[in-house]
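Structure first, commentary second.
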Amino acid sequence: MSFDALKIPDSPLEKAFEEAAKTFKLPSVLPHEIGALQTLLMDQQKVVQRLRKEAHRANQEVRAAQEQIQTARQSAQEQIQAAHQEVASIRAEAQAVRDEAHAYIIRMLEQATLARQRMFGASSEQTSAQSRLFDEAEVLALASTDAQDTAPIAPEDTQGTSAAADATKPAPKRARGKRAPLAAGLPRVDVLHDVPEADRTCPCGSPMVLIGQDISEQLDIVPMQVRVIRNIRNRYGCPARQHAPVTAPLPPQPLPKSNASPDFLAMLYTVKFVDGMPLTRFGRVLERHNAPVPSQTLARWVIAGSKLLQPLHNLMRDILLDCALIYMDETGVQVLKEPGRLPTSNSYMWVQVGGPPDKPVVLFDYDPSRGGQVPTRLLEGFKGYLMTDGYGGYNEIAKTTGIERLACWAHVRRYFVDAVRVQPKGKRGKADEAVALIGKLYRIEREFKDASPEDRHAARQNQSVPALADIHAWMIKTLPLVTPKSALGTALAYMQNLWPLLTRYTERHDLPVDNNRAENSIRPFVIGRRSWLFSDTPAGAHSSAVIYSLVETCKANGVEPYAWLRRVLRELPAAKTVEDVEALLPWNLRLPEISPIPLP
């Protein structure tokens, strides 16, 4: 076989050998050697291909491993970041819990301090002597002996000094004056004290003659006299018995089917609603005078009498709603038998104060609710200014067209006074600054109280408005620095929420700066409630509202309630027209007209 027969056409190896043979003049290569070399080359190519595949697979595995490492690294970083965030969140929550616990402890300490102050300490409006509840006789005797001034401290008297600093100042002494004479209108009973006849002989032997008298007066009291009035009505008949007999009519009675006289009812209403004596206690007084009347009967007489007096209450409401300014407040009252409610539930007595200057009106109204619909109902038809505290139940009526709501500075000041009380003793804080700033407003009001309307309005514009601007700037500056739930934070939040209503009083000269007039009017009810504690039924609560309205309106008009009630309960049953009822209103009956009327 020739060499050419063994050639593989176009074989690269063949070409390589040929070129090598020509170049280096090599001898001819045997065919079996070429085949072996080709086989070896093919095996090497396979190995190279296998190695390439393995290297490619290894590269893929490396890349996959790198991707896994990168993914694991990112996951680890995310887990580490999440762990950091969780730790930061836990720390923030722990700090918030610590802050909340700290604020809660501070708030509890402040409340405990305020409770201790209210229970045992001096009132913010009074000196320490007035707050001593268990030694009243000693306090009054001390005040009489030392002649110290223990008058309540009005808000305008605060000049920026702390309550503790004011308490350390000695009270100014007043000069002791002569004892005031006893009232001239009281009846006098003369008791003659004579010298024994044996002592009327002069040492010279002459009998002594009367040359004068030394008169001194003592205040005496006669125990309550309970008596029975026998109404005897003569009856006349025809001798021939041809016509019906004629009997003298009985004058109209306030409670026709009862055996209570008008004067008895007047005393009953006075002892309960003026003197604050519970009906059960008054029943024991009657029993001690051998005239027992069950307390249930007394309660029925109160309710029935309030229905008789209701027209007077209605007429006073008409006068109240016609004025341009009304003060309003509310306080709790417990009614045991309110339908659908537990005996321990709180109901409310609402008071409205207003009227013309010569006809002041004080109205009480009972309602089981404290919701905003109550003032809306009570003041239906009213147009003008309404002075209230910061209670949100008045927000609804403030939306009524024609009603402008005012807010009370005395309530704001009270919050800051509480904040002063919880401050460390002997230290002056931001609460003292607020009390001093509010004191400037009251000083302006006090200074121009009796000024002309023009001067008072000018003073409010020129002095009160800048003072209010100072208070507002101080409030904005202080708010971020105070814990919201602390006593000072609560006071600041209260003032901030009511700020537009607190500044409105400067619009006119005749608008009040606080709601003290309503609070003073509601105080007798609160004092009486401490004695009788609750009303048994809604009817009893409503009757209390009617009678409290009448006696407090009497006092506001300078009329003695008992004398007025005697006159009204005698004449109201005979009233036939609205004019007859109007003639019995407190401002239409002055003291000379309602002096005690003797029985016939």
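Every chain in the structure tokens has a letter given in the order shown (A, B, ...), and although residue numbers restart at 1 in each chain, ligands are simply numbered from 1 in the order shown.
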Quiz item: Quick one: residues within 10 Å of segment 495-504 of chain A, only C-alpha atoms counted, chain neighbours fewer than 3 positions away excluded, as a ChimeraX atom specification?
Solution: /A:385,387-390,404-409,411-413,415-416,464-465,468-469,471-472,475-476,479,489-492,507-508,511-514
Produce a file of the selected residues containing N, CA and C atoms, as an mmCIF file, in the first residue's frame.
data_model
loop_
_atom_site.group_PDB
_atom_site.id
_atom_site.type_symbol
_atom_site.label_atom_id
_atom_site.label_comp_id
_atom_site.auth_asym_id
_atom_site.auth_seq_id
_atom_site.Cartn_x
_atom_site.Cartn_y
_atom_site.Cartn_z
ATOM 1 N N TYR A 385 -74.808 86.317 74.478
ATOM 2 C CA TYR A 385 -73.563 85.729 74.955
ATOM 3 C C TYR A 385 -73.854 84.714 76.055
ATOM 4 N N MET A 387 -71.882 82.502 78.962
ATOM 5 C CA MET A 387 -70.660 82.276 79.738
ATOM 6 C C MET A 387 -70.724 80.914 80.403
ATOM 7 N N THR A 388 -69.729 80.056 80.143
ATOM 8 C CA THR A 388 -69.680 78.709 80.707
ATOM 9 C C THR A 388 -68.242 78.374 81.095
ATOM 10 N N ASP A 389 -68.075 77.186 81.657
ATOM 11 C CA ASP A 389 -66.727 76.656 81.849
ATOM 12 C C ASP A 389 -66.321 75.908 80.585
ATOM 13 N N GLY A 390 -65.287 75.091 80.671
ATOM 14 C CA GLY A 390 -64.764 74.430 79.487
ATOM 15 C C GLY A 390 -65.432 73.118 79.142
ATOM 16 N N GLU A 404 -73.037 83.537 71.141
ATOM 17 C CA GLU A 404 -71.579 83.643 71.232
ATOM 18 C C GLU A 404 -71.156 83.131 72.598
ATOM 19 N N ARG A 405 -70.286 82.129 72.587
ATOM 20 C CA ARG A 405 -69.887 81.508 73.852
ATOM 21 C C ARG A 405 -68.639 82.178 74.417
ATOM 22 N N LEU A 406 -68.636 82.373 75.730
ATOM 23 C CA LEU A 406 -67.487 82.896 76.465
ATOM 24 C C LEU A 406 -66.962 81.805 77.390
ATOM 25 N N ALA A 407 -65.673 81.866 77.714
ATOM 26 C CA ALA A 407 -65.068 80.902 78.639
ATOM 27 C C ALA A 407 -64.581 81.613 79.887
ATOM 28 N N CYS A 408 -64.468 80.849 80.957
ATOM 29 C CA CYS A 408 -64.227 81.403 82.291
ATOM 30 C C CYS A 408 -62.738 81.384 82.631
ATOM 31 N N TRP A 409 -62.196 82.567 82.961
ATOM 32 C CA TRP A 409 -60.801 82.662 83.361
ATOM 33 C C TRP A 409 -60.582 82.108 84.774
ATOM 34 N N HIS A 411 -61.775 79.365 86.003
ATOM 35 C CA HIS A 411 -61.483 77.943 85.869
ATOM 36 C C HIS A 411 -60.060 77.729 85.395
ATOM 37 N N VAL A 412 -59.592 78.541 84.440
ATOM 38 C CA VAL A 412 -58.214 78.417 83.964
ATOM 39 C C VAL A 412 -57.243 78.653 85.112
ATOM 40 N N ARG A 413 -57.495 79.706 85.867
ATOM 41 C CA ARG A 413 -56.616 80.031 86.986
ATOM 42 C C ARG A 413 -56.608 78.898 88.015
ATOM 43 N N TYR A 415 -56.826 75.700 87.520
ATOM 44 C CA TYR A 415 -55.922 74.646 87.075
ATOM 45 C C TYR A 415 -54.472 75.005 87.402
ATOM 46 N N PHE A 416 -54.102 76.265 87.162
ATOM 47 C CA PHE A 416 -52.726 76.667 87.447
ATOM 48 C C PHE A 416 -52.466 76.729 88.955
ATOM 49 N N SER A 464 -55.950 95.061 78.565
ATOM 50 C CA SER A 464 -56.253 93.630 78.633
ATOM 51 C C SER A 464 -55.776 92.892 77.380
ATOM 52 N N VAL A 465 -55.965 93.491 76.211
ATOM 53 C CA VAL A 465 -55.546 92.827 74.973
ATOM 54 C C VAL A 465 -54.034 92.582 74.970
ATOM 55 N N LEU A 468 -53.329 89.754 77.350
ATOM 56 C CA LEU A 468 -53.693 88.463 76.760
ATOM 57 C C LEU A 468 -52.640 87.996 75.764
ATOM 58 N N ALA A 469 -52.071 88.931 75.000
ATOM 59 C CA ALA A 469 -51.004 88.565 74.061
ATOM 60 C C ALA A 469 -49.789 88.018 74.799
ATOM 61 N N ILE A 471 -49.867 86.448 77.691
ATOM 62 C CA ILE A 471 -50.227 85.110 78.172
ATOM 63 C C ILE A 471 -50.131 84.095 77.041
ATOM 64 N N HIS A 472 -50.599 84.470 75.850
ATOM 65 C CA HIS A 472 -50.559 83.555 74.709
ATOM 66 C C HIS A 472 -49.117 83.232 74.320
ATOM 67 N N MET A 475 -47.704 80.867 76.782
ATOM 68 C CA MET A 475 -48.286 79.540 76.618
ATOM 69 C C MET A 475 -47.616 78.783 75.476
ATOM 70 N N ILE A 476 -47.438 79.427 74.320
ATOM 71 C CA ILE A 476 -46.813 78.773 73.168
ATOM 72 C C ILE A 476 -45.369 78.386 73.491
ATOM 73 N N LEU A 479 -45.549 75.269 76.307
ATOM 74 C CA LEU A 479 -46.195 73.997 75.977
ATOM 75 C C LEU A 479 -45.213 72.881 75.621
ATOM 76 N N GLY A 489 -49.205 70.665 82.553
ATOM 77 C CA GLY A 489 -49.581 70.349 81.171
ATOM 78 C C GLY A 489 -51.087 70.341 80.976
ATOM 79 N N THR A 490 -51.812 69.821 81.954
ATOM 80 C CA THR A 490 -53.275 69.835 81.866
ATOM 81 C C THR A 490 -53.813 71.259 81.857
ATOM 82 N N ALA A 491 -53.233 72.114 82.697
ATOM 83 C CA ALA A 491 -53.671 73.511 82.740
ATOM 84 C C ALA A 491 -53.391 74.208 81.412
ATOM 85 N N LEU A 492 -52.229 73.968 80.836
ATOM 86 C CA LEU A 492 -51.882 74.598 79.553
ATOM 87 C C LEU A 492 -52.800 74.108 78.438
ATOM 88 N N GLU A 507 -64.350 92.185 73.690
ATOM 89 C CA GLU A 507 -65.087 92.802 72.583
ATOM 90 C C GLU A 507 -66.000 93.927 73.070
ATOM 91 N N ARG A 508 -66.497 93.799 74.308
ATOM 92 C CA ARG A 508 -67.424 94.794 74.843
ATOM 93 C C ARG A 508 -67.058 95.102 76.283
ATOM 94 N N LEU A 511 -69.147 92.443 79.119
ATOM 95 C CA LEU A 511 -69.020 90.988 79.135
ATOM 96 C C LEU A 511 -68.161 90.558 80.328
ATOM 97 N N PRO A 512 -68.521 89.453 80.980
ATOM 98 C CA PRO A 512 -67.788 89.034 82.195
ATOM 99 C C PRO A 512 -66.488 88.334 81.839
ATOM 100 N N VAL A 513 -65.572 88.347 82.794
ATOM 101 C CA VAL A 513 -64.291 87.678 82.617
ATOM 102 C C VAL A 513 -64.339 86.248 83.139
ATOM 103 N N ASP A 514 -65.327 85.910 83.957
ATOM 104 C CA ASP A 514 -65.417 84.550 84.493
ATOM 105 C C ASP A 514 -66.877 84.196 84.751
#
Quiz item: Leaving out Thr400 of chain A and any residue of its chain fewer than 2 positions from it, which residues lie within 12 Å of it when counting only C-alpha atoms, given as a PyMOL selection string?
Solution: chain A and resi 372-373+375-377+379-386+394-398+402-405
Practice problem: Apply DSSP to the structure's backbone, then extract all residues of segment 253-493 of chain A labelled strand (DSSP E or B) and return them as a ChimeraX atom specification. | Solution: /A:325-335,346-354,361-367,384-388,403-407
Grab the residues selected above and save them as an mmCIF file, in the first residue's frame with C-alpha atoms.
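And here's again_17.cif as it stands now:
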data_model
loop_
_atom_site.group_PDB
_atom_site.id
_atom_site.type_symbol
_atom_site.label_atom_id
_atom_site.label_comp_id
_atom_site.auth_asym_id
_atom_site.auth_seq_id
_atom_site.Cartn_x
_atom_site.Cartn_y
_atom_site.Cartn_z
ATOM 1 C CA LEU A 325 -76.050 87.509 78.621
ATOM 2 C CA ILE A 326 -76.564 84.240 80.490
ATOM 3 C CA TYR A 327 -74.219 82.427 82.853
ATOM 4 C CA MET A 328 -74.592 78.639 82.925
ATOM 5 C CA ASP A 329 -73.206 75.768 84.988
ATOM 6 C CA GLU A 330 -74.166 72.261 86.074
ATOM 7 C CA THR A 331 -73.569 69.974 89.025
ATOM 8 C CA GLY A 332 -74.347 66.369 89.853
ATOM 9 C CA VAL A 333 -77.318 65.126 91.840
ATOM 10 C CA GLN A 334 -78.234 61.544 92.701
ATOM 11 C CA VAL A 335 -81.788 60.364 92.008
ATOM 12 C CA ASN A 346 -75.432 60.628 88.432
ATOM 13 C CA SER A 347 -78.055 63.053 87.189
ATOM 14 C CA TYR A 348 -77.546 66.795 86.887
ATOM 15 C CA MET A 349 -78.911 70.109 88.101
ATOM 16 C CA TRP A 350 -78.385 72.901 85.565
ATOM 17 C CA VAL A 351 -78.323 76.544 86.659
ATOM 18 C CA GLN A 352 -78.786 79.602 84.456
ATOM 19 C CA VAL A 353 -78.226 83.132 85.751
ATOM 20 C CA GLY A 354 -79.068 86.380 83.996
ATOM 21 C CA VAL A 361 -82.940 85.654 87.695
ATOM 22 C CA VAL A 362 -81.504 82.357 88.945
ATOM 23 C CA LEU A 363 -83.047 79.263 87.355
ATOM 24 C CA PHE A 364 -82.426 75.627 88.232
ATOM 25 C CA ASP A 365 -83.485 72.761 85.954
ATOM 26 C CA TYR A 366 -83.173 69.036 86.525
ATOM 27 C CA ASP A 367 -82.179 66.579 83.799
ATOM 28 C CA GLY A 384 -76.697 86.633 73.028
ATOM 29 C CA TYR A 385 -73.563 85.729 74.955
ATOM 30 C CA LEU A 386 -73.304 82.522 76.987
ATOM 31 C CA MET A 387 -70.660 82.276 79.738
ATOM 32 C CA THR A 388 -69.680 78.709 80.707
ATOM 33 C CA ILE A 403 -75.157 82.657 70.423
ATOM 34 C CA GLU A 404 -71.579 83.643 71.232
ATOM 35 C CA ARG A 405 -69.887 81.508 73.852
ATOM 36 C CA LEU A 406 -67.487 82.896 76.465
ATOM 37 C CA ALA A 407 -65.068 80.902 78.639
#
Quiz prompt | Near-Pro466 of chain A list (12 Å; only C-alpha atoms; drop same-chain fewer than 5 positions) as number ranges by chain | solution = A: 437, 440-441, 444, 459-461, 471-473, 503, 506
Self-check item: Separation of atom CA of Leu286 of chain A from atom CA of Ala266 of chain A, in Å and rounded to one decimal
Solution: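 Rounded to one decimal, the two atoms are 14.7 Å apart.
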Self-check item: Nearby residues (only C-alpha atoms) at most 7 Å from segment 541-558 of chain A, same-chain spacing under 2 positions excluded, as a ChimeraX atom specification
Solution: /A:273,302-303,306,310,313,359-366,535,537-539,560-561,586-587
Quiz item: Which residue out of A:Leu192, A:Ala96, A:Met277, A:Val209 has the minimum interatomic distance to Arg529 of chain A when only C-alpha atoms are used?
Solution: A:Met277
Self-check item: Atomic distance atom CA of Phe264 of chain A - atom CA of Leu298 of chain A, expressed in Å with one decimal
Solution: 10.6 Å
Practice problem: Pick out each residue of segment 231-392 of chain A that DSSP on the backbone tags as alpha helix (DSSP H); I need them as number ranges by chain. | Solution: A: 262-273, 279-288, 295-321, 373-378
Practice problem: Calculate how many Å separate atom CA of Val285 of chain A from atom CA of Trp532 of chain A, rounding to one decimal. | Solution: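 That distance, rounded to one decimal, is 15.5 Å.
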Self-check item: Which residue of A:Leu342, A:Asp358, A:Cys323, A:Arg443 approaches Asn588 of chain A most closely, using only C-alpha atoms
Solution: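 Closest to Asn588 of chain A, using only C-alpha atoms: A:Asp358.
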Exercise. For Ala431 of chain A, please output as a ChimeraX atom specification all residues within 8 Å (counting only C-alpha atoms; exclusion window: fewer than 6 positions along the same chain).
Key: /A:416-417,419-420,488
Quiz item: Which residue out of A:His289, A:His102, A:Arg570, A:Arg200 has the minimum interatomic distance to Gln225 of chain A when only C-alpha atoms are used?
Solution: A:His289
